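*Asks:* Pasting input_10.cif below, which is mmCIF, N, CA and C atoms.
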data_structure
loop_
_atom_site.label_atom_id
_atom_site.label_comp_id
_atom_site.auth_asym_id
_atom_site.auth_seq_id
_atom_site.Cartn_x
_atom_site.Cartn_y
_atom_site.Cartn_z
N MET C 119 -0.75 -126.63 -91.71
CA MET C 119 -0.95 -127.95 -91.18
C MET C 119 -0.11 -128.08 -89.92
N SER C 120 -0.75 -128.37 -88.85
CA SER C 120 0.00 -128.49 -87.61
C SER C 120 -0.06 -129.93 -87.11
N LEU C 121 1.06 -130.36 -86.66
CA LEU C 121 1.13 -131.71 -86.10
C LEU C 121 1.13 -131.60 -84.59
N THR C 122 0.27 -132.32 -83.97
CA THR C 122 0.25 -132.33 -82.51
C THR C 122 1.01 -133.54 -82.02
N PRO C 123 1.90 -133.32 -81.09
CA PRO C 123 2.66 -134.47 -80.59
C PRO C 123 1.74 -135.42 -79.83
N GLN C 124 1.93 -136.66 -80.08
CA GLN C 124 1.14 -137.67 -79.38
C GLN C 124 1.91 -138.11 -78.15
N GLU C 125 1.14 -138.33 -77.13
CA GLU C 125 1.78 -138.81 -75.90
C GLU C 125 2.10 -140.29 -76.07
N VAL C 126 3.27 -140.60 -75.69
CA VAL C 126 3.70 -141.99 -75.76
C VAL C 126 3.86 -142.48 -74.33
N SER C 127 3.05 -143.42 -73.97
CA SER C 127 3.18 -143.98 -72.62
C SER C 127 3.86 -145.33 -72.73
N PRO C 128 4.97 -145.48 -72.05
CA PRO C 128 5.67 -146.76 -72.14
C PRO C 128 4.84 -147.85 -71.49
N GLN C 129 4.77 -148.97 -72.17
CA GLN C 129 4.05 -150.09 -71.61
C GLN C 129 5.00 -150.87 -70.71
N VAL C 130 4.62 -150.95 -69.47
CA VAL C 130 5.44 -151.66 -68.51
C VAL C 130 4.82 -153.03 -68.30
N THR C 131 5.57 -154.05 -68.64
CA THR C 131 5.06 -155.39 -68.43
C THR C 131 5.28 -155.77 -66.97
N ARG C 132 4.33 -156.49 -66.46
CA ARG C 132 4.38 -156.90 -65.07
C ARG C 132 5.47 -157.96 -64.88
N LEU C 133 6.20 -157.84 -63.82
CA LEU C 133 7.24 -158.82 -63.52
C LEU C 133 6.58 -160.10 -63.00
N ASP C 134 6.93 -161.22 -63.62
CA ASP C 134 6.42 -162.50 -63.15
C ASP C 134 7.59 -163.46 -62.94
N ALA C 135 7.29 -164.69 -62.56
CA ALA C 135 8.34 -165.66 -62.25
C ALA C 135 9.23 -165.94 -63.45
N GLU C 136 8.64 -166.02 -64.64
CA GLU C 136 9.43 -166.32 -65.84
C GLU C 136 10.40 -165.18 -66.16
N ILE C 137 9.91 -163.95 -66.09
CA ILE C 137 10.77 -162.81 -66.37
C ILE C 137 11.86 -162.69 -65.31
N ALA C 138 11.50 -162.93 -64.05
CA ALA C 138 12.48 -162.87 -62.96
C ALA C 138 13.57 -163.93 -63.16
N THR C 139 13.18 -165.10 -63.63
CA THR C 139 14.16 -166.17 -63.89
C THR C 139 15.10 -165.78 -65.02
N ASN C 140 14.54 -165.22 -66.10
CA ASN C 140 15.38 -164.79 -67.22
C ASN C 140 16.31 -163.65 -66.81
N MET C 141 15.81 -162.71 -66.02
CA MET C 141 16.65 -161.61 -65.54
C MET C 141 17.82 -162.15 -64.71
N THR C 142 17.53 -163.15 -63.87
CA THR C 142 18.56 -163.74 -63.02
C THR C 142 19.62 -164.44 -63.86
N ALA C 143 19.19 -165.23 -64.85
CA ALA C 143 20.15 -165.93 -65.70
C ALA C 143 21.03 -164.93 -66.46
N ASP C 144 20.42 -163.88 -67.00
CA ASP C 144 21.19 -162.85 -67.71
C ASP C 144 22.17 -162.16 -66.77
N PHE C 145 21.73 -161.85 -65.56
CA PHE C 145 22.58 -161.19 -64.57
C PHE C 145 23.79 -162.06 -64.23
N LEU C 146 23.56 -163.35 -63.99
CA LEU C 146 24.65 -164.25 -63.63
C LEU C 146 25.64 -164.42 -64.79
N LYS C 147 25.13 -164.44 -66.00
CA LYS C 147 26.02 -164.54 -67.17
C LYS C 147 26.86 -163.27 -67.31
N ARG C 148 26.27 -162.11 -67.03
CA ARG C 148 27.03 -160.85 -67.09
C ARG C 148 28.11 -160.81 -66.02
N LEU C 149 27.88 -161.51 -64.90
CA LEU C 149 28.90 -161.59 -63.86
C LEU C 149 30.04 -162.53 -64.25
N GLY C 150 29.86 -163.30 -65.32
CA GLY C 150 30.91 -164.19 -65.79
C GLY C 150 30.63 -165.66 -65.54
N TYR C 151 29.49 -165.96 -64.97
CA TYR C 151 29.12 -167.36 -64.70
C TYR C 151 28.31 -167.88 -65.88
N LYS C 152 29.02 -168.23 -66.95
CA LYS C 152 28.35 -168.67 -68.16
C LYS C 152 28.04 -170.15 -68.07
N GLY C 153 27.01 -170.54 -68.73
CA GLY C 153 26.61 -171.94 -68.73
C GLY C 153 25.10 -172.03 -68.74
N SER C 154 24.61 -173.21 -68.60
CA SER C 154 23.17 -173.45 -68.63
C SER C 154 22.64 -173.50 -67.20
N TRP C 155 22.16 -172.38 -66.72
CA TRP C 155 21.62 -172.29 -65.36
C TRP C 155 20.29 -173.02 -65.28
N LEU C 156 20.10 -173.80 -64.22
CA LEU C 156 18.88 -174.55 -64.00
C LEU C 156 18.07 -173.87 -62.90
N PRO C 157 16.87 -173.38 -63.22
CA PRO C 157 16.05 -172.75 -62.17
C PRO C 157 15.57 -173.81 -61.19
N MET C 158 15.74 -173.54 -59.91
CA MET C 158 15.33 -174.48 -58.87
C MET C 158 14.07 -174.01 -58.14
N LYS C 159 13.98 -172.68 -57.90
CA LYS C 159 12.86 -172.17 -57.12
C LYS C 159 12.71 -170.67 -57.38
N VAL C 160 11.46 -170.23 -57.49
CA VAL C 160 11.14 -168.81 -57.60
C VAL C 160 10.00 -168.55 -56.64
N SER C 161 10.15 -167.55 -55.78
CA SER C 161 9.08 -167.22 -54.85
C SER C 161 8.96 -165.70 -54.73
N LEU C 162 7.76 -165.26 -54.41
CA LEU C 162 7.49 -163.84 -54.21
C LEU C 162 7.33 -163.61 -52.72
N GLU C 163 8.25 -162.85 -52.14
CA GLU C 163 8.22 -162.55 -50.71
C GLU C 163 8.05 -161.05 -50.55
N GLY C 164 6.79 -160.63 -50.35
CA GLY C 164 6.51 -159.20 -50.29
C GLY C 164 6.68 -158.60 -51.67
N GLU C 165 7.58 -157.64 -51.81
CA GLU C 165 7.87 -157.03 -53.10
C GLU C 165 9.07 -157.64 -53.79
N LEU C 166 9.67 -158.66 -53.20
CA LEU C 166 10.88 -159.25 -53.75
C LEU C 166 10.62 -160.63 -54.34
N TYR C 167 11.07 -160.80 -55.58
CA TYR C 167 11.14 -162.13 -56.14
C TYR C 167 12.47 -162.73 -55.71
N VAL C 168 12.45 -163.93 -55.16
CA VAL C 168 13.67 -164.63 -54.78
C VAL C 168 13.82 -165.80 -55.75
N VAL C 169 14.90 -165.75 -56.53
CA VAL C 169 15.14 -166.75 -57.57
C VAL C 169 16.36 -167.57 -57.18
N GLU C 170 16.21 -168.89 -57.13
CA GLU C 170 17.33 -169.78 -56.82
C GLU C 170 17.62 -170.60 -58.06
N MET C 171 18.90 -170.59 -58.47
CA MET C 171 19.33 -171.32 -59.66
C MET C 171 20.59 -172.11 -59.37
N MET C 172 20.85 -173.12 -60.22
CA MET C 172 22.00 -173.98 -60.00
C MET C 172 22.75 -174.18 -61.32
N LEU C 173 24.08 -174.19 -61.22
CA LEU C 173 24.96 -174.48 -62.35
C LEU C 173 26.05 -175.39 -61.82
N GLN C 174 25.99 -176.67 -62.17
CA GLN C 174 26.92 -177.68 -61.68
C GLN C 174 26.96 -177.65 -60.16
N LYS C 175 28.08 -177.25 -59.55
CA LYS C 175 28.18 -177.23 -58.08
C LYS C 175 27.92 -175.84 -57.50
N LEU C 176 27.49 -174.91 -58.32
CA LEU C 176 27.30 -173.54 -57.90
C LEU C 176 25.80 -173.24 -57.79
N THR C 177 25.40 -172.68 -56.65
CA THR C 177 24.01 -172.25 -56.50
C THR C 177 23.98 -170.74 -56.33
N ALA C 178 22.94 -170.13 -56.88
CA ALA C 178 22.79 -168.68 -56.80
C ALA C 178 21.40 -168.36 -56.27
N LYS C 179 21.35 -167.35 -55.40
CA LYS C 179 20.09 -166.86 -54.86
C LYS C 179 20.06 -165.36 -55.13
N VAL C 180 19.08 -164.91 -55.92
CA VAL C 180 19.02 -163.52 -56.35
C VAL C 180 17.66 -162.94 -55.95
N GLN C 181 17.70 -161.73 -55.37
CA GLN C 181 16.47 -161.04 -54.99
C GLN C 181 16.23 -159.86 -55.93
N ILE C 182 15.03 -159.81 -56.51
CA ILE C 182 14.68 -158.76 -57.47
C ILE C 182 13.43 -158.04 -56.97
N ASN C 183 13.49 -156.70 -56.94
CA ASN C 183 12.32 -155.90 -56.57
C ASN C 183 11.29 -156.03 -57.68
N SER C 184 10.08 -156.45 -57.34
CA SER C 184 9.06 -156.72 -58.35
C SER C 184 8.52 -155.45 -59.00
N GLN C 185 8.66 -154.30 -58.34
CA GLN C 185 8.13 -153.07 -58.93
C GLN C 185 9.19 -152.32 -59.75
N THR C 186 10.40 -152.25 -59.25
CA THR C 186 11.45 -151.50 -59.95
C THR C 186 12.32 -152.37 -60.84
N ARG C 187 12.19 -153.70 -60.71
CA ARG C 187 13.01 -154.68 -61.44
C ARG C 187 14.50 -154.52 -61.15
N GLU C 188 14.78 -154.04 -59.99
CA GLU C 188 16.16 -153.82 -59.56
C GLU C 188 16.64 -155.04 -58.77
N ILE C 189 17.85 -155.51 -59.09
CA ILE C 189 18.42 -156.61 -58.33
C ILE C 189 18.94 -156.04 -57.02
N LYS C 190 18.34 -156.47 -55.93
CA LYS C 190 18.66 -155.92 -54.62
C LYS C 190 19.80 -156.66 -53.94
N GLU C 191 19.87 -157.96 -54.17
CA GLU C 191 20.87 -158.76 -53.46
C GLU C 191 21.08 -160.06 -54.22
N TYR C 192 22.31 -160.57 -54.15
CA TYR C 192 22.56 -161.90 -54.71
C TYR C 192 23.58 -162.61 -53.85
N GLU C 193 23.52 -163.93 -53.91
CA GLU C 193 24.43 -164.77 -53.12
C GLU C 193 24.79 -166.00 -53.96
N LEU C 194 26.08 -166.29 -54.02
CA LEU C 194 26.57 -167.47 -54.73
C LEU C 194 27.22 -168.40 -53.72
N GLN C 195 26.94 -169.69 -53.85
CA GLN C 195 27.53 -170.67 -52.93
C GLN C 195 28.05 -171.86 -53.71
N GLN C 196 29.23 -172.31 -53.31
CA GLN C 196 29.77 -173.55 -53.84
C GLN C 196 29.20 -174.68 -53.00
N GLY C 197 28.81 -175.74 -53.65
CA GLY C 197 28.29 -176.88 -52.91
C GLY C 197 28.02 -178.01 -53.86
N GLU C 198 27.63 -179.11 -53.31
CA GLU C 198 27.32 -180.28 -54.12
C GLU C 198 25.92 -180.11 -54.66
N GLY C 199 25.79 -179.90 -55.94
CA GLY C 199 24.49 -179.76 -56.58
C GLY C 199 23.81 -181.10 -56.72
N GLU C 200 22.50 -181.07 -56.83
CA GLU C 200 21.74 -182.31 -56.95
C GLU C 200 22.10 -183.06 -58.22
N ILE C 201 22.25 -182.35 -59.32
CA ILE C 201 22.54 -183.01 -60.59
C ILE C 201 23.93 -183.60 -60.58
N SER C 202 24.93 -182.86 -60.09
CA SER C 202 26.28 -183.41 -60.07
C SER C 202 26.37 -184.57 -59.09
N GLY C 203 25.57 -184.54 -58.03
CA GLY C 203 25.55 -185.66 -57.08
C GLY C 203 25.03 -186.93 -57.74
N LEU C 204 23.99 -186.77 -58.57
CA LEU C 204 23.46 -187.93 -59.30
C LEU C 204 24.49 -188.45 -60.30
N ALA C 205 25.16 -187.55 -60.96
CA ALA C 205 26.18 -187.96 -61.94
C ALA C 205 27.31 -188.70 -61.25
N LYS C 206 27.71 -188.24 -60.06
CA LYS C 206 28.78 -188.91 -59.33
C LYS C 206 28.35 -190.30 -58.90
N SER C 207 27.11 -190.47 -58.41
CA SER C 207 26.68 -191.79 -57.97
C SER C 207 26.58 -192.74 -59.16
N LYS C 208 26.13 -192.25 -60.32
CA LYS C 208 26.11 -193.10 -61.51
C LYS C 208 27.53 -193.49 -61.91
N GLY C 209 28.46 -192.54 -61.80
CA GLY C 209 29.85 -192.83 -62.11
C GLY C 209 30.44 -193.88 -61.20
N LYS C 210 30.09 -193.84 -59.92
CA LYS C 210 30.57 -194.83 -58.95
C LYS C 210 30.03 -196.21 -59.28
N ILE C 211 28.76 -196.28 -59.66
CA ILE C 211 28.16 -197.58 -60.00
C ILE C 211 28.84 -198.16 -61.24
N ILE C 212 29.06 -197.33 -62.24
CA ILE C 212 29.73 -197.80 -63.46
C ILE C 212 31.14 -198.28 -63.14
N PHE C 213 31.84 -197.55 -62.29
CA PHE C 213 33.19 -197.94 -61.89
C PHE C 213 33.18 -199.29 -61.18
N LEU C 214 32.24 -199.49 -60.24
CA LEU C 214 32.17 -200.76 -59.51
C LEU C 214 31.84 -201.92 -60.44
N VAL C 215 30.94 -201.73 -61.39
CA VAL C 215 30.61 -202.78 -62.35
C VAL C 215 31.83 -203.12 -63.20
N ALA C 216 32.56 -202.10 -63.62
CA ALA C 216 33.76 -202.34 -64.44
C ALA C 216 34.81 -203.10 -63.65
N VAL C 217 35.02 -202.74 -62.39
CA VAL C 217 36.00 -203.44 -61.55
C VAL C 217 35.58 -204.89 -61.33
N ALA C 218 34.30 -205.11 -61.07
CA ALA C 218 33.82 -206.48 -60.86
C ALA C 218 33.99 -207.31 -62.14
N SER C 219 33.68 -206.72 -63.28
CA SER C 219 33.84 -207.43 -64.55
C SER C 219 35.31 -207.76 -64.81
N LEU C 220 36.17 -206.82 -64.53
CA LEU C 220 37.60 -207.04 -64.71
C LEU C 220 38.10 -208.15 -63.78
N ALA C 221 37.60 -208.18 -62.55
CA ALA C 221 38.01 -209.23 -61.60
C ALA C 221 37.58 -210.60 -62.09
N VAL C 222 36.38 -210.70 -62.67
CA VAL C 222 35.91 -211.98 -63.19
C VAL C 222 36.78 -212.43 -64.37
N VAL C 223 37.11 -211.51 -65.27
CA VAL C 223 37.92 -211.85 -66.45
C VAL C 223 39.32 -212.31 -66.00
N VAL C 224 39.93 -211.57 -65.08
CA VAL C 224 41.27 -211.91 -64.60
C VAL C 224 41.25 -213.28 -63.90
N SER C 225 40.23 -213.51 -63.07
CA SER C 225 40.20 -214.79 -62.36
C SER C 225 39.96 -215.96 -63.33
N LYS C 226 39.23 -215.76 -64.42
CA LYS C 226 39.07 -216.82 -65.42
C LYS C 226 40.37 -217.08 -66.16
N LEU C 227 41.14 -216.00 -66.45
CA LEU C 227 42.42 -216.17 -67.12
C LEU C 227 43.42 -216.91 -66.23
N ILE C 228 43.36 -216.62 -64.95
CA ILE C 228 44.27 -217.29 -64.03
C ILE C 228 43.86 -218.73 -63.80
N GLY C 229 42.57 -219.03 -63.96
CA GLY C 229 42.07 -220.38 -63.78
C GLY C 229 41.45 -220.61 -62.43
N VAL C 230 41.04 -219.56 -61.75
CA VAL C 230 40.40 -219.70 -60.44
C VAL C 230 39.02 -220.30 -60.61
N PHE C 231 38.29 -219.95 -61.65
CA PHE C 231 36.93 -220.48 -61.85
C PHE C 231 36.97 -221.64 -62.79
#
Starting from the coordinates I provided, produce the structure as structure tokens.
*Replies:*
Amino acid sequence: MSLTPQEVSPQVTRLDAEIATNMTADFLKRLGYKGSWLPMKVSLEGELYVVEMMLQKLTAKVQINSQTREIKEYELQQGEGEISGLAKSKGKIIFLVAVASLAVVVSKLIGVF
């Protein structure tokens, strides 16, 4: 009885925007930037997927070769993120309302109103 070896061909899944986003998040976490990365933009420019992600005030731009799945380049920038900007403006509004409320209470205690 002879066994013939069967050829095993590896199935290569095509790289798409979702896989490129997951690869980018995993790559950034391996670099030490842990947290919940928010994907902002994914585009295919020639053979490169360009993935832009944000974590609080940190933005990352990663280029991945769509055929080899190799990360060719990455860039991290500190800046004011959109989400943290919204949180700061909400915080300012809450602070102003609290100060105005406190001013009304103090002026009533003093007898101004």
*Asks:* Check which residues satisfy the PyMOL selection byres ((chain C and resi 185) around 7) in the file shown, then give them as a ChimeraX atom specification.
*Replies:* /C:133,165-166,182-184,186-188
*Asks:* Let me have the centre and edge lengths of the axis-aligned box enclosing all listed atoms of stretch 210-222 of chain C with 5 Å padding on every side, in Å to one decimal, as JSON.
*Replies:*
{"center_x": 33.1, "center_y": -203.1, "center_z": -61.9, "size_x": 19.9, "size_y": 28.6, "size_z": 15.9}
*Asks:* What does the distance between atom N of C:Ser207 and atom CA of C:Thr139 come to in Å, to one decimal place?
*Replies:*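 That distance, rounded to one decimal, is 28.1 Å.
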*Asks:* Interatomic distance between atom N of C:Val169 and atom CA of C:Phe145?
*Replies:*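 We find that atom N of C:Val169 and atom CA of C:Phe145 lie 12.0 Å from each other.
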*Asks:* Leaving out C:Glu170 and any residue of its chain fewer than 3 positions from it, which residues lie within 8 Å of it when counting only C-alpha atoms, given as number ranges by chain?
*Replies:* C: 157-160, 177-180
*Asks:* Print the selection's residues with N, CA and C atoms to a file, as a PDB file, in the frame of the given file.
*Replies:*
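Writing done, so here's result-v3.pdb:
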ATOM      1  N   PRO C 157      16.870-173.380 -63.220  1.00  0.00           N
ATOM      2  CA  PRO C 157      16.050-172.750 -62.170  1.00  0.00           C
ATOM      3  C   PRO C 157      15.570-173.810 -61.190  1.00  0.00           C
ATOM      4  N   MET C 158      15.740-173.540 -59.910  1.00  0.00           N
ATOM      5  CA  MET C 158      15.330-174.480 -58.870  1.00  0.00           C
ATOM      6  C   MET C 158      14.070-174.010 -58.140  1.00  0.00           C
ATOM      7  N   LYS C 159      13.980-172.680 -57.900  1.00  0.00           N
ATOM      8  CA  LYS C 159      12.860-172.170 -57.120  1.00  0.00           C
ATOM      9  C   LYS C 159      12.710-170.670 -57.380  1.00  0.00           C
ATOM     10  N   VAL C 160      11.460-170.230 -57.490  1.00  0.00           N
ATOM     11  CA  VAL C 160      11.140-168.810 -57.600  1.00  0.00           C
ATOM     12  C   VAL C 160      10.000-168.550 -56.640  1.00  0.00           C
ATOM     13  N   THR C 177      25.400-172.680 -56.650  1.00  0.00           N
ATOM     14  CA  THR C 177      24.010-172.250 -56.500  1.00  0.00           C
ATOM     15  C   THR C 177      23.980-170.740 -56.330  1.00  0.00           C
ATOM     16  N   ALA C 178      22.940-170.130 -56.880  1.00  0.00           N
ATOM     17  CA  ALA C 178      22.790-168.680 -56.800  1.00  0.00           C
ATOM     18  C   ALA C 178      21.400-168.360 -56.270  1.00  0.00           C
ATOM     19  N   LYS C 179      21.350-167.350 -55.400  1.00  0.00           N
ATOM     20  CA  LYS C 179      20.090-166.860 -54.860  1.00  0.00           C
ATOM     21  C   LYS C 179      20.060-165.360 -55.130  1.00  0.00           C
ATOM     22  N   VAL C 180      19.080-164.910 -55.920  1.00  0.00           N
ATOM     23  CA  VAL C 180      19.020-163.520 -56.350  1.00  0.00           C
ATOM     24  C   VAL C 180      17.660-162.940 -55.950  1.00  0.00           C
TER      25      VAL C 180
END
*Asks:* What does the distance from atom N of C:Gly153 to atom N of C:Tyr192 come to in Å, to one decimal?
*Replies:*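 Going from atom N of C:Gly153 over to atom N of C:Tyr192 covers 18.3 Å.
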*Asks:* Name the closest residue to C:Tyr167 among the candidates C:Ala143, C:Ile137, C:Leu227, C:Ile211; distances are taken between atoms, counting only C-alpha atoms.
*Replies:* C:Ile137
*Asks:* Residues picked by the PyMOL selection byres ((chain C and resi 176) around 8) here, as a VMD selection string?
*Replies:* chain C and resid 171 to 175 177 to 179 194 to 199
*Asks:* Go through stretch 122-198 of chain C and collect every residue that DSSP, computed from the backbone, puts in strand (DSSP E or B); the answer should be as a ChimeraX atom specification.
*Replies:* /C:156-163,166-173,176-183,189-196
